[in-house]
>>> print(open('run_28.cif').read())   # mmCIF, C-alpha atoms and all ligand atoms
data_input
loop_
_atom_site.group_PDB
_atom_site.id
_atom_site.type_symbol
_atom_site.label_atom_id
_atom_site.label_comp_id
_atom_site.auth_asym_id
_atom_site.auth_seq_id
_atom_site.Cartn_x
_atom_site.Cartn_y
_atom_site.Cartn_z
ATOM 1 C CA MET X 35 -92.500 35.191 166.100
ATOM 2 C CA LYS X 36 -95.410 37.096 164.650
ATOM 3 C CA GLU X 37 -97.871 34.201 164.564
ATOM 4 C CA LEU X 38 -98.682 31.304 166.857
ATOM 5 C CA SER X 39 -98.580 29.030 163.796
ATOM 6 C CA LEU X 40 -94.863 29.885 163.401
ATOM 7 C CA HIS X 41 -94.208 28.811 166.998
ATOM 8 C CA ILE X 42 -96.110 25.606 166.253
ATOM 9 C CA LEU X 43 -93.939 24.931 163.203
ATOM 10 C CA ASP X 44 -90.782 25.491 165.250
ATOM 11 C CA ILE X 45 -91.955 23.394 168.213
ATOM 12 C CA ALA X 46 -93.144 20.500 166.029
ATOM 13 C CA MET X 47 -89.685 20.481 164.396
ATOM 14 C CA ASN X 48 -88.271 19.616 167.847
ATOM 15 C CA SER X 49 -90.454 16.503 167.810
ATOM 16 C CA VAL X 50 -89.203 15.630 164.336
ATOM 17 C CA LYS X 51 -85.595 16.078 165.480
ATOM 18 C CA ALA X 52 -86.321 13.888 168.509
ATOM 19 C CA GLY X 53 -87.100 10.982 166.203
ATOM 20 C CA ALA X 54 -90.874 10.960 166.738
ATOM 21 C CA SER X 55 -92.999 8.882 164.371
ATOM 22 C CA LEU X 56 -96.194 10.652 165.459
ATOM 23 C CA VAL X 57 -96.675 14.326 166.331
ATOM 24 C CA GLU X 58 -100.073 15.452 167.608
ATOM 25 C CA ILE X 59 -100.980 19.124 167.485
ATOM 26 C CA GLY X 60 -104.075 20.389 169.255
ATOM 27 C CA LEU X 61 -105.704 23.804 169.495
ATOM 28 C CA GLU X 62 -108.734 24.277 171.685
ATOM 29 C CA GLU X 63 -110.571 27.563 171.967
ATOM 30 C CA ALA X 64 -113.066 27.918 174.781
ATOM 31 C CA GLY X 65 -114.115 30.648 177.189
ATOM 32 C CA GLY X 66 -111.559 33.193 176.013
ATOM 33 C CA THR X 67 -108.635 30.787 176.293
ATOM 34 C CA LEU X 68 -106.756 29.138 173.454
ATOM 35 C CA THR X 69 -104.828 26.048 174.521
ATOM 36 C CA LEU X 70 -102.083 24.622 172.333
ATOM 37 C CA THR X 71 -100.777 21.100 172.870
ATOM 38 C CA VAL X 72 -97.946 19.430 170.996
ATOM 39 C CA ALA X 73 -97.282 15.799 171.902
ATOM 40 C CA ASP X 74 -94.825 13.371 170.392
ATOM 41 C CA ASN X 75 -93.479 9.856 170.842
ATOM 42 C CA GLY X 76 -89.855 10.873 170.315
ATOM 43 C CA ARG X 77 -86.877 10.179 172.542
ATOM 44 C CA GLY X 78 -87.933 12.525 175.352
ATOM 45 C CA MET X 79 -85.682 14.421 177.756
ATOM 46 C CA GLU X 80 -83.853 13.708 181.000
ATOM 47 C CA PRO X 81 -85.338 15.452 184.077
ATOM 48 C CA GLU X 82 -82.375 17.825 184.655
ATOM 49 C CA PHE X 83 -82.383 18.849 181.025
ATOM 50 C CA LEU X 84 -86.144 19.321 181.041
ATOM 51 C CA ALA X 85 -85.904 21.578 184.095
ATOM 52 C CA SER X 86 -83.796 24.129 182.211
ATOM 53 C CA VAL X 87 -85.240 23.836 178.722
ATOM 54 C CA ALA X 88 -87.898 26.541 179.142
ATOM 55 C CA ASP X 89 -85.682 28.937 181.131
ATOM 56 C CA PRO X 90 -82.182 28.579 179.723
ATOM 57 C CA PHE X 91 -80.904 31.790 181.294
ATOM 58 C CA THR X 92 -82.305 31.529 184.811
ATOM 59 C CA THR X 93 -81.240 27.959 185.475
ATOM 60 C CA THR X 94 -77.625 26.951 186.029
ATOM 61 C CA ARG X 95 -76.538 25.935 182.651
ATOM 62 C CA THR X 96 -74.093 23.148 181.956
ATOM 63 C CA THR X 97 -72.488 22.653 178.574
ATOM 64 C CA ARG X 98 -75.359 22.589 176.157
ATOM 65 C CA LYS X 99 -76.002 25.326 173.688
ATOM 66 C CA VAL X 100 -79.054 27.378 174.470
ATOM 67 C CA GLY X 101 -82.093 26.786 172.310
ATOM 68 C CA MET X 102 -84.608 29.598 171.915
ATOM 69 C CA GLY X 103 -87.673 27.825 170.508
ATOM 70 C CA ILE X 104 -89.266 26.647 173.746
ATOM 71 C CA PRO X 105 -88.365 29.806 175.763
ATOM 72 C CA LEU X 106 -89.923 31.957 173.025
ATOM 73 C CA LEU X 107 -93.206 30.018 173.119
ATOM 74 C CA LYS X 108 -93.291 30.181 176.913
ATOM 75 C CA LEU X 109 -92.708 33.937 176.798
ATOM 76 C CA ALA X 110 -95.437 34.409 174.174
ATOM 77 C CA ALA X 111 -97.944 32.500 176.325
ATOM 78 C CA GLU X 112 -97.063 34.408 179.480
ATOM 79 C CA GLN X 113 -97.213 37.757 177.712
ATOM 80 C CA ALA X 114 -100.750 36.885 176.598
ATOM 81 C CA GLY X 115 -101.850 36.149 180.157
ATOM 82 C CA GLY X 116 -101.492 32.397 179.675
ATOM 83 C CA ALA X 117 -99.325 29.613 181.011
ATOM 84 C CA PHE X 118 -96.810 27.086 179.789
ATOM 85 C CA SER X 119 -95.919 23.560 180.864
ATOM 86 C CA ILE X 120 -93.908 20.696 179.482
ATOM 87 C CA GLU X 121 -93.684 17.042 180.388
ATOM 88 C CA SER X 122 -91.163 14.603 179.069
ATOM 89 C CA ALA X 123 -89.435 11.356 179.948
ATOM 90 C CA PRO X 124 -86.646 9.503 178.176
ATOM 91 C CA GLY X 125 -88.109 6.920 175.833
ATOM 92 C CA GLU X 126 -91.648 8.119 176.445
ATOM 93 C CA GLY X 127 -91.928 11.274 174.422
ATOM 94 C CA THR X 128 -92.768 14.850 175.180
ATOM 95 C CA ALA X 129 -95.986 16.814 175.657
ATOM 96 C CA LEU X 130 -96.111 20.563 175.876
ATOM 97 C CA THR X 131 -99.031 22.866 176.654
ATOM 98 C CA ALA X 132 -99.229 26.620 176.156
ATOM 99 C CA SER X 133 -102.332 28.693 176.803
ATOM 100 C CA PHE X 134 -103.243 32.184 175.644
ATOM 101 C CA GLN X 135 -105.953 34.648 176.655
ATOM 102 C CA THR X 136 -107.495 35.389 173.273
ATOM 103 C CA GLY X 137 -108.766 38.805 174.347
ATOM 104 C CA HIS X 138 -105.341 39.881 175.603
ATOM 105 C CA LEU X 139 -103.642 42.762 173.794
ATOM 106 C CA ASP X 140 -100.460 40.728 173.337
ATOM 107 C CA ASN X 141 -102.184 37.559 172.147
ATOM 108 C CA PRO X 142 -100.477 36.589 168.873
ATOM 109 C CA PRO X 143 -102.722 35.869 165.881
ATOM 110 C CA LEU X 144 -102.907 32.177 164.930
ATOM 111 C CA GLY X 145 -101.785 32.893 161.367
ATOM 112 C CA ASP X 146 -101.485 30.394 158.572
ATOM 113 C CA MET X 147 -101.894 26.905 160.085
ATOM 114 C CA ALA X 148 -102.230 25.393 156.608
ATOM 115 C CA ALA X 149 -98.751 26.656 155.669
ATOM 116 C CA THR X 150 -97.335 25.317 158.936
ATOM 117 C CA LEU X 151 -98.785 21.846 158.368
ATOM 118 C CA VAL X 152 -97.678 21.806 154.731
ATOM 119 C CA SER X 153 -94.123 22.799 155.758
ATOM 120 C CA LEU X 154 -94.016 20.031 158.361
ATOM 121 C CA ILE X 155 -95.351 17.362 156.036
ATOM 122 C CA GLN X 156 -93.140 18.456 153.141
ATOM 123 C CA GLY X 157 -90.080 18.345 155.402
ATOM 124 C CA SER X 158 -90.893 14.972 156.965
ATOM 125 C CA PRO X 159 -93.236 13.003 154.702
ATOM 126 C CA GLY X 160 -92.424 9.792 156.563
ATOM 127 C CA ILE X 161 -93.723 11.072 159.910
ATOM 128 C CA ASP X 162 -97.370 11.172 160.900
ATOM 129 C CA PHE X 163 -98.971 14.397 162.056
ATOM 130 C CA THR X 164 -102.414 14.949 163.488
ATOM 131 C CA TYR X 165 -104.021 18.344 163.882
ATOM 132 C CA THR X 166 -107.257 19.072 165.712
ATOM 133 C CA HIS X 167 -108.483 22.629 166.140
ATOM 134 C CA THR X 168 -111.756 23.069 167.960
ATOM 135 C CA ALA X 169 -113.577 26.367 168.374
ATOM 136 C CA GLY X 170 -117.205 27.318 168.888
ATOM 137 C CA GLY X 171 -118.475 23.775 168.337
ATOM 138 C CA GLY X 172 -116.620 23.410 165.034
ATOM 139 C CA VAL X 173 -113.507 21.453 164.210
ATOM 140 C CA SER X 174 -110.683 21.709 161.704
ATOM 141 C CA SER X 175 -108.558 18.592 161.509
ATOM 142 C CA LEU X 176 -106.043 16.531 159.624
ATOM 143 C CA ASP X 177 -104.576 13.064 160.168
ATOM 144 C CA THR X 178 -101.776 12.027 157.833
ATOM 145 C CA ARG X 179 -102.410 8.361 158.671
ATOM 146 C CA GLU X 180 -105.765 8.613 156.900
ATOM 147 C CA LEU X 181 -104.187 10.485 153.992
ATOM 148 C CA ARG X 182 -101.459 7.867 153.719
ATOM 149 C CA ALA X 183 -104.041 5.083 153.586
ATOM 150 C CA ALA X 184 -106.009 6.806 150.819
ATOM 151 C CA LEU X 185 -102.827 7.601 148.862
ATOM 152 C CA ASP X 186 -101.686 3.978 149.043
ATOM 153 C CA GLY X 187 -97.994 4.388 148.186
ATOM 154 C CA VAL X 188 -98.089 7.879 146.691
ATOM 155 C CA PRO X 189 -95.947 10.041 149.020
ATOM 156 C CA LEU X 190 -97.418 12.833 151.131
ATOM 157 C CA ASP X 191 -94.909 15.345 149.727
ATOM 158 C CA THR X 192 -96.288 15.021 146.192
ATOM 159 C CA PRO X 193 -97.021 18.657 145.148
ATOM 160 C CA ASP X 194 -100.693 18.004 144.398
ATOM 161 C CA VAL X 195 -101.127 16.326 147.769
ATOM 162 C CA LEU X 196 -99.508 19.286 149.554
ATOM 163 C CA ALA X 197 -101.811 21.638 147.639
ATOM 164 C CA TRP X 198 -104.799 19.531 148.703
ATOM 165 C CA ILE X 199 -103.691 19.751 152.349
ATOM 166 C CA GLN X 200 -103.209 23.526 152.103
ATOM 167 C CA ASN X 201 -106.702 24.023 150.627
ATOM 168 C CA SER X 202 -108.351 21.570 152.966
ATOM 169 C CA ILE X 203 -106.995 23.240 156.115
ATOM 170 C CA GLU X 204 -107.616 26.764 154.820
ATOM 171 C CA GLU X 205 -111.229 25.866 154.131
ATOM 172 C CA GLU X 206 -111.771 24.242 157.518
ATOM 173 C CA GLU X 207 -110.110 27.118 159.386
ATOM 174 C CA ARG X 208 -112.369 29.560 157.546
ATOM 175 C CA GLY X 209 -115.349 27.477 158.606
ATOM 176 C CA LEU X 210 -114.235 27.774 162.244
ATOM 177 C CA SER X 211 -113.991 31.541 162.267
ATOM 178 C CA GLN X 212 -117.505 32.034 160.897
ATOM 179 C CA MET E 51 -110.789 16.853 156.739
ATOM 180 C CA LYS E 52 -111.937 17.519 153.213
ATOM 181 C CA SER E 53 -113.106 14.706 151.028
ATOM 182 C CA ILE E 54 -110.695 11.799 150.856
ATOM 183 C CA GLU E 55 -112.194 10.994 147.440
ATOM 184 C CA GLU E 56 -110.255 13.906 145.972
ATOM 185 C CA LEU E 57 -107.051 12.431 147.305
ATOM 186 C CA LYS E 58 -107.773 9.166 145.565
ATOM 187 C CA LYS E 59 -108.089 11.075 142.295
ATOM 188 C CA ILE E 60 -104.772 12.810 142.977
ATOM 189 C CA ARG E 61 -103.283 9.376 143.566
ATOM 190 C CA GLU E 62 -104.472 8.085 140.180
ATOM 191 C CA GLU E 63 -103.173 11.184 138.379
ATOM 192 C CA THR E 64 -99.811 10.985 140.132
ATOM 193 C CA LEU E 65 -99.355 7.346 139.228
ATOM 194 C CA LYS E 66 -100.125 8.160 135.583
ATOM 195 C CA ASN E 67 -97.427 10.836 135.311
ATOM 196 C CA ILE E 68 -94.876 9.362 137.651
ATOM 197 C CA ASN E 69 -91.472 11.020 137.374
ATOM 198 C CA LEU E 70 -88.086 9.695 138.247
ATOM 199 C CA ARG E 71 -87.696 10.292 141.992
ATOM 200 C CA LYS E 72 -85.610 13.421 142.438
ATOM 201 C CA GLU E 73 -83.426 12.020 145.167
ATOM 202 C CA ASP E 74 -82.243 9.203 142.899
ATOM 203 C CA ASN E 75 -81.217 11.561 140.167
ATOM 204 C CA GLU E 76 -77.567 12.562 140.026
ATOM 205 C CA HIS E 77 -78.418 15.646 137.944
ATOM 206 C CA ALA E 78 -80.757 16.942 140.605
ATOM 207 C CA VAL E 79 -80.348 20.488 141.881
ATOM 208 C CA ARG E 80 -81.012 20.805 145.592
ATOM 209 C CA VAL E 81 -82.582 23.940 147.014
ATOM 210 C CA VAL E 82 -82.216 23.880 150.792
ATOM 211 C CA VAL E 83 -84.148 26.229 153.073
ATOM 212 C CA GLY E 84 -82.964 26.859 156.648
ATOM 213 C CA MET E 85 -85.922 26.182 158.964
ATOM 214 C CA ALA E 86 -84.515 26.516 162.491
ATOM 215 C CA THR E 87 -86.010 28.973 165.003
ATOM 216 C CA CYS E 88 -84.249 32.100 163.637
ATOM 217 C CA GLY E 89 -85.067 31.128 160.071
ATOM 218 C CA ILE E 90 -88.761 30.618 160.866
ATOM 219 C CA ALA E 91 -88.923 33.861 162.851
ATOM 220 C CA ALA E 92 -87.308 35.758 159.970
ATOM 221 C CA GLY E 93 -89.766 34.440 157.363
ATOM 222 C CA ALA E 94 -88.469 31.065 156.105
ATOM 223 C CA ARG E 95 -91.948 29.507 155.885
ATOM 224 C CA PRO E 96 -93.192 31.691 152.995
ATOM 225 C CA VAL E 97 -89.752 31.405 151.348
ATOM 226 C CA LEU E 98 -90.070 27.615 151.403
ATOM 227 C CA ALA E 99 -93.614 27.861 150.031
ATOM 228 C CA ALA E 100 -92.430 30.127 147.194
ATOM 229 C CA CYS E 101 -89.621 27.690 146.272
ATOM 230 C CA LEU E 102 -92.048 24.764 146.209
ATOM 231 C CA GLU E 103 -94.620 26.691 144.211
ATOM 232 C CA GLU E 104 -92.111 27.926 141.647
ATOM 233 C CA VAL E 105 -90.628 24.446 141.162
ATOM 234 C CA GLN E 106 -94.081 22.978 140.686
ATOM 235 C CA LYS E 107 -95.275 25.757 138.379
ATOM 236 C CA ARG E 108 -92.233 25.423 136.153
ATOM 237 C CA ASN E 109 -92.486 21.638 136.274
ATOM 238 C CA LEU E 110 -88.863 20.988 137.228
ATOM 239 C CA PRO E 111 -88.631 17.266 138.007
ATOM 240 C CA ASP E 112 -84.856 17.481 138.584
ATOM 241 C CA VAL E 113 -85.114 20.010 141.394
ATOM 242 C CA ALA E 114 -85.537 18.916 145.007
ATOM 243 C CA VAL E 115 -86.569 21.455 147.632
ATOM 244 C CA THR E 116 -85.558 20.357 151.118
ATOM 245 C CA GLN E 117 -85.376 21.800 154.622
ATOM 246 C CA THR E 118 -82.521 21.932 157.063
ATOM 247 C CA GLY E 119 -81.915 23.181 160.589
ATOM 248 C CA CYS E 120 -79.701 26.072 161.575
ATOM 249 C CA ILE E 121 -77.344 27.290 158.850
ATOM 250 C CA GLY E 122 -75.562 29.443 161.391
ATOM 251 C CA VAL E 123 -75.984 33.166 160.789
ATOM 252 C CA CYS E 124 -79.231 34.279 162.413
ATOM 253 C CA ARG E 125 -79.055 37.891 161.283
ATOM 254 C CA LEU E 126 -78.860 36.771 157.625
ATOM 255 C CA GLU E 127 -81.916 34.510 157.757
ATOM 256 C CA PRO E 128 -83.944 33.397 155.869
ATOM 257 C CA ILE E 129 -81.123 31.515 154.143
ATOM 258 C CA VAL E 130 -81.428 29.355 151.025
ATOM 259 C CA GLU E 131 -78.596 27.207 149.701
ATOM 260 C CA VAL E 132 -78.434 25.961 146.129
ATOM 261 C CA PHE E 133 -76.439 22.835 145.347
ATOM 262 C CA ALA E 134 -76.081 22.214 141.622
ATOM 263 C CA PRO E 135 -74.036 19.300 140.275
ATOM 264 C CA GLY E 136 -70.504 20.375 139.363
ATOM 265 C CA GLU E 137 -70.966 23.799 140.966
ATOM 266 C CA GLU E 138 -69.938 25.171 144.308
ATOM 267 C CA LYS E 139 -72.681 25.659 146.866
ATOM 268 C CA VAL E 140 -74.274 29.108 146.654
ATOM 269 C CA THR E 141 -75.691 30.646 149.847
ATOM 270 C CA TYR E 142 -78.445 33.224 149.473
ATOM 271 C CA VAL E 143 -79.287 35.386 152.474
ATOM 272 C CA LYS E 144 -82.106 37.626 153.750
ATOM 273 C CA MET E 145 -84.455 35.889 151.387
ATOM 274 C CA THR E 146 -88.061 36.772 150.613
ATOM 275 C CA PRO E 147 -90.598 34.856 148.497
ATOM 276 C CA GLU E 148 -89.896 37.238 145.593
ATOM 277 C CA LYS E 149 -86.132 36.757 145.816
ATOM 278 C CA ALA E 150 -86.634 32.994 146.052
ATOM 279 C CA ARG E 151 -88.678 32.980 142.829
ATOM 280 C CA ARG E 152 -85.918 34.914 141.094
ATOM 281 C CA VAL E 153 -83.278 32.454 142.322
ATOM 282 C CA ILE E 154 -85.303 29.529 140.960
ATOM 283 C CA ALA E 155 -85.761 31.266 137.594
ATOM 284 C CA GLU E 156 -82.244 32.623 137.140
ATOM 285 C CA HIS E 157 -79.994 30.236 139.019
ATOM 286 C CA VAL E 158 -81.782 26.902 139.148
ATOM 287 C CA VAL E 159 -83.272 27.096 135.641
ATOM 288 C CA ASN E 160 -80.861 29.389 133.738
ATOM 289 C CA LYS E 161 -77.664 28.627 135.709
ATOM 290 C CA GLN E 162 -76.979 32.316 136.429
ATOM 291 C CA VAL E 163 -76.133 32.946 140.079
ATOM 292 C CA VAL E 164 -78.087 35.936 141.457
ATOM 293 C CA THR E 165 -74.959 37.551 142.903
ATOM 294 C CA GLU E 166 -76.698 40.433 144.654
ATOM 295 C CA TYR E 167 -78.530 38.069 147.039
ATOM 296 C CA THR E 168 -75.521 35.920 147.932
ATOM 297 C CA ILE E 169 -73.800 35.897 151.293
ATOM 298 C CA GLY E 170 -70.709 37.371 149.632
ATOM 299 C CA ALA E 171 -72.644 40.464 148.585
ATOM 300 C CA ALA E 172 -74.204 40.872 152.056
ATOM 301 C CA GLU E 173 -70.968 40.677 154.049
HETATM 302 N N1 LIG C 301 -90.054 17.265 171.683
HETATM 303 C C1 LIG C 301 -88.796 17.117 172.117
HETATM 304 N N2 LIG C 301 -88.276 15.879 172.332
HETATM 305 C C2 LIG C 301 -87.002 15.726 172.781
HETATM 306 N N3 LIG C 301 -86.157 16.746 173.032
HETATM 307 C C3 LIG C 301 -86.609 17.992 172.837
HETATM 308 C C4 LIG C 301 -87.944 18.255 172.378
HETATM 309 N N4 LIG C 301 -88.126 19.589 172.305
HETATM 310 C C5 LIG C 301 -86.949 20.137 172.670
HETATM 311 N N5 LIG C 301 -86.042 19.206 172.988
HETATM 312 C C6 LIG C 301 -84.656 19.438 173.444
HETATM 313 O O1 LIG C 301 -84.567 20.747 173.947
HETATM 314 C C7 LIG C 301 -83.624 21.511 173.199
HETATM 315 C C8 LIG C 301 -84.064 22.951 173.121
HETATM 316 O O2 LIG C 301 -85.195 23.118 172.266
HETATM 317 P P1 LIG C 301 -85.522 24.516 171.654
HETATM 318 O O3 LIG C 301 -85.756 25.495 172.746
HETATM 319 O O4 LIG C 301 -86.621 24.350 170.677
HETATM 320 O O5 LIG C 301 -84.187 24.967 170.902
HETATM 321 P P2 LIG C 301 -83.417 24.241 169.680
HETATM 322 O O6 LIG C 301 -84.445 23.397 168.972
HETATM 323 O O7 LIG C 301 -82.931 25.365 168.826
HETATM 324 O O8 LIG C 301 -82.299 23.443 170.274
HETATM 325 C C9 LIG C 301 -83.510 20.787 171.878
HETATM 326 O O9 LIG C 301 -82.248 21.014 171.259
HETATM 327 C C10 LIG C 301 -83.681 19.338 172.289
HETATM 328 O O10 LIG C 301 -82.461 18.812 172.787
HETATM 329 MG MG MG C 302 -86.408 24.011 168.545
#
>>> encode(input="run_28.cif", output="structure tokens")
Amino acid sequence: MKELSLHILDIAMNSVKAGASLVEIGLEEAGGTLTLTVADNGRGMEPEFLASVADPFTTTRTTRKVGMGIPLLKLAAEQAGGAFSIESAPGEGTALTASFQTGHLDNPPLGDMAATLVSLIQGSPGIDFTYTHTAGGGVSSLDTRELRAALDGVPLDTPDVLAWIQNSIEEEERGLSQ
Amino acid sequence: MKSIEELKKIREETLKNINLRKEDNEHAVRVVVGMATCGIAAGARPVLAACLEEVQKRNLPDVAVTQTGCIGVCRLEPIVEVFAPGEEKVTYVKMTPEKARRVIAEHVVNKQVVTEYTIGAAE
């Protein structure tokens, strides 16, 4: 993946597939480290499964087909001098953390977070997503629960609403990098 | 977040021009974009955005753009499938935003399959 925002799109889709009703995405930049968190209230994973999910080739594999999404994020973090961890329990949801050294040569650019959020919301307008990106004292954020309340029955995947989300996030991300 | 007031205006406008919901419409054309890991890595996100933009720009209320997981052939991603009523499914491979716009214009609107982008032409 060329951008961290593409990993985020892929990882948040796991939460959607796991039946989550709320997916919380966080990005925190401080002291040369960018920390990504993705947390959901989906069905979670059994401990044995969880143990192999980030390293499908090094762990004794049973019958499941190998997924590449989580291993790719873990690899990206480690290649950028960061770390990866994942916690999950059946019925309790899943929370994953990946950190990156922003000054590292192999640190992927964040890329288009607005497009990632729009893709997620367009694909699953019934699910709630929150996004909080903090950097240098500023914050870029979105909470579909607030949008839903203001829209009062008009769906989140209405084209004009998606355009509003795209513009809103682009503007806030620009504000962060200044 | 940007001003919620703007959203309220969007709400009013949307309610004024409400269309028949696409999903309820038997004449709807479905444009399905593969958004699993290989699809995303190969560039499915901008392909999806181009499909959505083109459908909105052309004001096509009978076209639904949706996402799906793995379509199965990683090396041919990004993949877009078009389901039109009374037609066989058409699978487009190695898509780009430009190709997606052409598929919307020629296939979805004018009912002419863009043969050169189909899986049959790639194999
Ligand atoms: N947030 C999650 N909640 C529950 N199960 C998950 C979650 N994320 C991943 N999984 C499980 O781990 C598997 C591997 O995930 P991943 O590496 O992204 O590959 P893929 O999504 O292609 O299967 C998933 O198929 C799913 O069974
Ligand atoms: Mg996945």
>>> residues_near_ligand(input="run_28.cif", ligand="ligand MG 302 (chain C)", cutoff="10 Å", atoms="all atoms listed in the file", output="MDAnalysis selection string")
(chainID X and resid 41 43:51 101:106) or (chainID E and resid 85:88 119:120)
>>> atom_distance(input="run_28.cif", atom1="CA of Ile60 in chain E", atom2="CA of Leu196 in chain X")
10.6 Å
>>> closest_residue(input="run_28.cif", among="E:Cys124, E:Ala99, E:Leu65, E:Val153", to="ligand LIG 301 (chain C)", atoms="all atoms listed in the file")
E:Cys124
>>> residues_around(input="run_28.cif", residues="Glu55 in chain E", least_positions_apart="2", cutoff="12 Å", atoms="only C-alpha atoms", output="ChimeraX atom specification")
/X:180-181,183-185,198 /E:51-53,57-62
>>> atom_distance(input="run_28.cif", atom1="atom O2 of ligand LIG 301 (chain C)", atom2="CA of Thr116 in chain E")
21.3 Å
>>> residues_around(input="run_28.cif", residues="Met79 in chain X", least_positions_apart="3", cutoff="7 Å", atoms="all atoms listed in the file", output="PyMOL selection string")
chain X and resi 83-84+122-124
>>> atom_distance(input="run_28.cif", atom1="atom C1 of ligand LIG 301 (chain C)", atom2="CA of Gly76 in chain X")
6.6 Å
>>> axis_aligned_box(input="run_28.cif", around="ligand LIG 301 (chain C)", padding_each_side="8 Å", output="lines of an AutoDock Vina configuration file")
center_x = -86.2
center_y = 20.6
center_z = 171.4
size_x = 23.8
size_y = 25.8
size_z = 21.1
>>> build_atoms(input="run_28.cif", residues="range 177-189 of chain X", atoms="N, CA, C and O atoms", output="mmCIF file, in the frame of the given file")
data_model
loop_
_atom_site.group_PDB
_atom_site.id
_atom_site.type_symbol
_atom_site.label_atom_id
_atom_site.label_comp_id
_atom_site.auth_asym_id
_atom_site.auth_seq_id
_atom_site.Cartn_x
_atom_site.Cartn_y
_atom_site.Cartn_z
ATOM 1 N N ASP X 177 -105.293 14.221 159.633
ATOM 2 C CA ASP X 177 -104.576 13.064 160.168
ATOM 3 C C ASP X 177 -103.843 12.407 159.010
ATOM 4 O O ASP X 177 -104.473 11.824 158.125
ATOM 5 N N THR X 178 -102.522 12.545 158.994
ATOM 6 C CA THR X 178 -101.776 12.027 157.833
ATOM 7 C C THR X 178 -101.884 10.513 157.711
ATOM 8 O O THR X 178 -101.664 9.976 156.637
ATOM 9 N N ARG X 179 -102.252 9.822 158.782
ATOM 10 C CA ARG X 179 -102.410 8.361 158.671
ATOM 11 C C ARG X 179 -103.560 8.031 157.731
ATOM 12 O O ARG X 179 -103.483 7.089 156.944
ATOM 13 N N GLU X 180 -104.630 8.836 157.806
ATOM 14 C CA GLU X 180 -105.765 8.613 156.900
ATOM 15 C C GLU X 180 -105.388 8.982 155.468
ATOM 16 O O GLU X 180 -105.788 8.309 154.515
ATOM 17 N N LEU X 181 -104.624 10.068 155.325
ATOM 18 C CA LEU X 181 -104.187 10.485 153.992
ATOM 19 C C LEU X 181 -103.315 9.403 153.371
ATOM 20 O O LEU X 181 -103.477 9.026 152.209
ATOM 21 N N ARG X 182 -102.385 8.901 154.170
ATOM 22 C CA ARG X 182 -101.459 7.867 153.719
ATOM 23 C C ARG X 182 -102.220 6.632 153.224
ATOM 24 O O ARG X 182 -101.887 6.049 152.192
ATOM 25 N N ALA X 183 -103.256 6.257 153.970
ATOM 26 C CA ALA X 183 -104.041 5.083 153.586
ATOM 27 C C ALA X 183 -104.727 5.319 152.242
ATOM 28 O O ALA X 183 -104.712 4.457 151.355
ATOM 29 N N ALA X 184 -105.308 6.510 152.070
ATOM 30 C CA ALA X 184 -106.009 6.806 150.819
ATOM 31 C C ALA X 184 -105.029 6.906 149.657
ATOM 32 O O ALA X 184 -105.342 6.538 148.529
ATOM 33 N N LEU X 185 -103.810 7.388 149.930
ATOM 34 C CA LEU X 185 -102.827 7.601 148.862
ATOM 35 C C LEU X 185 -102.117 6.301 148.470
ATOM 36 O O LEU X 185 -101.520 6.228 147.390
ATOM 37 N N ASP X 186 -102.166 5.328 149.327
ATOM 38 C CA ASP X 186 -101.686 3.978 149.043
ATOM 39 C C ASP X 186 -100.373 3.963 148.245
ATOM 40 O O ASP X 186 -100.341 3.546 147.090
ATOM 41 N N GLY X 187 -99.310 4.458 148.838
ATOM 42 C CA GLY X 187 -97.994 4.388 148.186
ATOM 43 C C GLY X 187 -97.543 5.693 147.557
ATOM 44 O O GLY X 187 -96.349 5.915 147.378
ATOM 45 N N VAL X 188 -98.473 6.564 147.227
ATOM 46 C CA VAL X 188 -98.089 7.879 146.691
ATOM 47 C C VAL X 188 -97.671 8.758 147.884
ATOM 48 O O VAL X 188 -98.417 8.884 148.846
ATOM 49 N N PRO X 189 -96.451 9.329 147.828
ATOM 50 C CA PRO X 189 -95.947 10.041 149.020
ATOM 51 C C PRO X 189 -96.715 11.317 149.359
ATOM 52 O O PRO X 189 -97.272 11.984 148.497
#
